[in-house]
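Chemist: Structure file upload-v5.cif (mmCIF, C-alpha atoms, pLDDT in the B column; chains and numbers go by the auth columns) is given on the next line.
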data_work
loop_
_atom_site.group_PDB
_atom_site.id
_atom_site.type_symbol
_atom_site.label_atom_id
_atom_site.label_comp_id
_atom_site.label_asym_id
_atom_site.label_seq_id
_atom_site.Cartn_x
_atom_site.Cartn_y
_atom_site.Cartn_z
_atom_site.B_iso_or_equiv
_atom_site.auth_seq_id
_atom_site.auth_asym_id
ATOM 1 C CA MET A 1 -0.595 -12.281 -13.696 64.00 1 A
ATOM 2 C CA SER A 2 -4.268 -11.811 -12.859 75.00 2 A
ATOM 3 C CA SER A 3 -6.052 -8.998 -14.591 85.00 3 A
ATOM 4 C CA ILE A 4 -7.962 -6.352 -12.706 92.00 4 A
ATOM 5 C CA ASP A 5 -10.449 -4.145 -14.556 92.00 5 A
ATOM 6 C CA ARG A 6 -9.432 -0.671 -13.473 90.00 6 A
ATOM 7 C CA GLN A 7 -12.095 1.042 -15.623 91.00 7 A
ATOM 8 C CA GLY A 8 -15.111 -1.063 -14.614 91.00 8 A
ATOM 9 C CA PRO A 9 -17.728 -0.300 -11.972 96.00 9 A
ATOM 10 C CA VAL A 10 -16.338 -2.800 -9.419 96.00 10 A
ATOM 11 C CA PRO A 11 -13.437 -1.390 -7.356 97.00 11 A
ATOM 12 C CA PRO A 12 -10.133 -3.299 -7.645 97.00 12 A
ATOM 13 C CA TYR A 13 -10.179 -4.355 -3.974 98.00 13 A
ATOM 14 C CA GLN A 14 -13.597 -5.998 -4.464 98.00 14 A
ATOM 15 C CA GLN A 15 -12.357 -7.782 -7.591 98.00 15 A
ATOM 16 C CA ILE A 16 -9.353 -9.138 -5.674 98.00 16 A
ATOM 17 C CA ALA A 17 -11.544 -10.192 -2.745 98.00 17 A
ATOM 18 C CA ARG A 18 -13.785 -12.039 -5.225 97.00 18 A
ATOM 19 C CA LYS A 19 -10.780 -13.802 -6.809 97.00 19 A
ATOM 20 C CA LEU A 20 -9.466 -14.870 -3.400 98.00 20 A
ATOM 21 C CA ARG A 21 -12.962 -15.988 -2.322 98.00 21 A
ATOM 22 C CA GLU A 22 -13.198 -18.094 -5.503 97.00 22 A
ATOM 23 C CA ARG A 23 -9.792 -19.668 -4.838 97.00 23 A
ATOM 24 C CA ILE A 24 -10.861 -20.529 -1.285 98.00 24 A
ATOM 25 C CA ALA A 25 -14.188 -21.984 -2.479 97.00 25 A
ATOM 26 C CA ALA A 26 -12.404 -24.068 -5.137 97.00 26 A
ATOM 27 C CA GLY A 27 -9.985 -25.471 -2.560 97.00 27 A
ATOM 28 C CA ASP A 28 -6.942 -23.812 -4.120 97.00 28 A
ATOM 29 C CA ILE A 29 -6.368 -22.204 -0.721 98.00 29 A
ATOM 30 C CA PRO A 30 -7.803 -24.680 1.794 97.00 30 A
ATOM 31 C CA VAL A 31 -8.831 -23.985 5.385 97.00 31 A
ATOM 32 C CA GLY A 32 -5.741 -23.697 7.561 97.00 32 A
ATOM 33 C CA ARG A 33 -3.557 -22.469 4.707 98.00 33 A
ATOM 34 C CA ARG A 34 -2.085 -18.986 4.417 98.00 34 A
ATOM 35 C CA ILE A 35 -3.283 -16.784 1.577 98.00 35 A
ATOM 36 C CA PRO A 36 -0.512 -15.252 -0.556 97.00 36 A
ATOM 37 C CA LEU A 37 1.566 -12.562 1.119 96.00 37 A
ATOM 38 C CA LEU A 38 0.782 -8.944 0.235 95.00 38 A
ATOM 39 C CA VAL A 39 4.105 -8.653 -1.580 95.00 39 A
ATOM 40 C CA GLU A 40 3.185 -11.675 -3.714 96.00 40 A
ATOM 41 C CA MET A 41 -0.254 -10.303 -4.513 96.00 41 A
ATOM 42 C CA GLU A 42 1.255 -6.888 -5.281 95.00 42 A
ATOM 43 C CA GLN A 43 3.182 -8.474 -8.123 94.00 43 A
ATOM 44 C CA GLU A 44 0.297 -10.675 -9.245 94.00 44 A
ATOM 45 C CA TYR A 45 -2.377 -7.977 -9.373 95.00 45 A
ATOM 46 C CA GLU A 46 -0.174 -4.888 -9.831 94.00 46 A
ATOM 47 C CA VAL A 47 -2.025 -2.857 -7.219 95.00 47 A
ATOM 48 C CA ALA A 48 -1.010 -0.942 -4.101 95.00 48 A
ATOM 49 C CA ARG A 49 -0.806 -2.665 -0.728 96.00 49 A
ATOM 50 C CA ASP A 50 -3.647 -0.531 0.596 97.00 50 A
ATOM 51 C CA THR A 51 -5.883 -2.025 -2.106 97.00 51 A
ATOM 52 C CA LEU A 52 -4.827 -5.519 -1.047 97.00 52 A
ATOM 53 C CA ARG A 53 -5.393 -4.728 2.623 97.00 53 A
ATOM 54 C CA LYS A 54 -8.941 -3.625 1.782 98.00 54 A
ATOM 55 C CA ALA A 55 -9.533 -6.887 -0.103 98.00 55 A
ATOM 56 C CA VAL A 56 -8.276 -8.929 2.860 98.00 56 A
ATOM 57 C CA GLN A 57 -10.433 -6.853 5.219 98.00 57 A
ATOM 58 C CA VAL A 58 -13.505 -7.768 3.153 98.00 58 A
ATOM 59 C CA LEU A 59 -12.686 -11.471 3.570 98.00 59 A
ATOM 60 C CA ARG A 60 -12.005 -10.954 7.279 98.00 60 A
ATOM 61 C CA GLU A 61 -15.403 -9.282 7.719 98.00 61 A
ATOM 62 C CA GLU A 62 -17.012 -12.219 5.898 97.00 62 A
ATOM 63 C CA GLY A 63 -15.391 -14.592 8.393 98.00 63 A
ATOM 64 C CA LEU A 64 -13.286 -16.368 5.772 98.00 64 A
ATOM 65 C CA VAL A 65 -9.810 -15.399 7.001 98.00 65 A
ATOM 66 C CA GLU A 66 -8.029 -14.293 10.134 98.00 66 A
ATOM 67 C CA THR A 67 -4.700 -12.590 10.663 96.00 67 A
ATOM 68 C CA VAL A 68 -2.148 -14.377 12.814 96.00 68 A
ATOM 69 C CA GLN A 69 0.256 -11.732 14.081 94.00 69 A
ATOM 70 C CA GLY A 70 3.681 -12.159 12.530 92.00 70 A
ATOM 71 C CA MET A 71 2.594 -15.199 10.501 94.00 71 A
ATOM 72 C CA GLY A 72 0.151 -14.003 7.849 95.00 72 A
ATOM 73 C CA VAL A 73 -3.505 -14.300 6.923 98.00 73 A
ATOM 74 C CA TYR A 74 -5.044 -17.769 7.132 98.00 74 A
ATOM 75 C CA VAL A 75 -8.228 -19.256 5.731 98.00 75 A
ATOM 76 C CA ILE A 76 -10.620 -20.241 8.527 98.00 76 A
ATOM 77 C CA ALA A 77 -13.811 -20.957 6.529 97.00 77 A
ATOM 78 C CA VAL A 78 -15.082 -21.687 3.034 95.00 78 A
ATOM 79 C CA PRO A 79 -17.671 -19.377 1.426 92.00 79 A
ATOM 80 C CA GLY A 80 -21.139 -20.727 2.075 84.00 80 A
ATOM 81 C CA ASP A 81 -20.085 -22.609 5.231 71.00 81 A
ATOM 82 C CA GLN A 82 -21.039 -19.763 7.547 55.00 82 A
ATOM 83 C CA PRO A 83 -24.432 -19.849 9.224 54.00 83 A
ATOM 84 C CA ASP A 84 -26.959 -17.371 7.887 50.00 84 A
ATOM 85 C CA GLU A 85 -27.259 -14.202 9.890 46.00 85 A
#
Write the structure described by the file as structure tokens, please.

Modeler:
Amino acid sequence: MSSIDRQGPVPPYQQIARKLRERIAAGDIPVGRRIPLLVEMEQEYEVARDTLRKAVQVLREEGLVETVQGMGVYVIAVPGDQPDE
């Protein structure tokens, strides 16, 4: 189980987004692979689905993942691979 600091200044959804971003950067979740399902992350992080959805939305906005309807959320880029804006 991954620990989330519920008392710290960084909101849980940002902590989870950071952990997922780190796993993508390390190659634990390579491009083309699905990130864990919300139900799996619910058990791992012990947070509400809304918190997980916010974390995934952060990664989506960063261009790291995309949702494939009915299939899940897939990695489409590695942090640092995106062109500077």

Chemist: Would you write out, as JSON lines, a table of all residues in segment 8-49 of chain A that have an atom no more than 10 Å from an atom of segment 61-76 of chain A, listing for each the closest atom pair and the distance in Å to one decimal, considering only C-alpha atoms and ordering rows by chain and rising residue number?

Modeler:
{"residue": "A:Arg21", "atom": "CA", "partner": "A:Leu64", "partner_atom": "CA", "distance": 8.1}
{"residue": "A:Ile24", "atom": "CA", "partner": "A:Val75", "partner_atom": "CA", "distance": 7.6}
{"residue": "A:Ile29", "atom": "CA", "partner": "A:Val75", "partner_atom": "CA", "distance": 7.3}
{"residue": "A:Pro30", "atom": "CA", "partner": "A:Val75", "partner_atom": "CA", "distance": 6.7}
{"residue": "A:Val31", "atom": "CA", "partner": "A:Val75", "partner_atom": "CA", "distance": 4.8}
{"residue": "A:Gly32", "atom": "CA", "partner": "A:Val75", "partner_atom": "CA", "distance": 5.4}
{"residue": "A:Arg33", "atom": "CA", "partner": "A:Tyr74", "partner_atom": "CA", "distance": 5.5}
{"residue": "A:Arg34", "atom": "CA", "partner": "A:Tyr74", "partner_atom": "CA", "distance": 4.2}
{"residue": "A:Ile35", "atom": "CA", "partner": "A:Val73", "partner_atom": "CA", "distance": 5.9}
{"residue": "A:Pro36", "atom": "CA", "partner": "A:Val73", "partner_atom": "CA", "distance": 8.1}
{"residue": "A:Leu37", "atom": "CA", "partner": "A:Gly72", "partner_atom": "CA", "distance": 7.0}
{"residue": "A:Leu38", "atom": "CA", "partner": "A:Gly72", "partner_atom": "CA", "distance": 9.2}

Chemist: Quick one: axis-aligned box around all listed atoms of segment 40-47 of chain A, 3 Å on every side, centre and edge lengths in Å to one decimal, written as AutoDock Vina command-line options.

Modeler:
--center_x 0.4 --center_y -7.3 --center_z -6.8 --size_x 11.6 --size_y 14.8 --size_z 12.1

Chemist: Can you spell out as JSON, numbers by chain the set of residues that the PyMOL selection byres ((chain A and resi 41) around 12) selects in the structure I just provided?

Modeler: {"A": [1, 2, 3, 4, 13, 16, 17, 19, 20, 35, 36, 37, 38, 39, 40, 42, 43, 44, 45, 46, 47, 48, 49, 50, 51, 52, 53, 55, 56]}

Chemist: Please indicate the distance in Å from atom CA of Pro12 of chain A to atom CA of Lys54 of chain A, rounded to one decimal place.

Modeler: 9.5 Å

Chemist: Quick one: pull the distance between atom CA of Gln15 of chain A and atom CA of Val78 of chain A, Å, one decimal.

Modeler: 17.7 Å

Chemist: What does the distance from atom CA of Ala25 of chain A to atom CA of Pro79 of chain A come to in Å, to one decimal?

Modeler: 5.8 Å
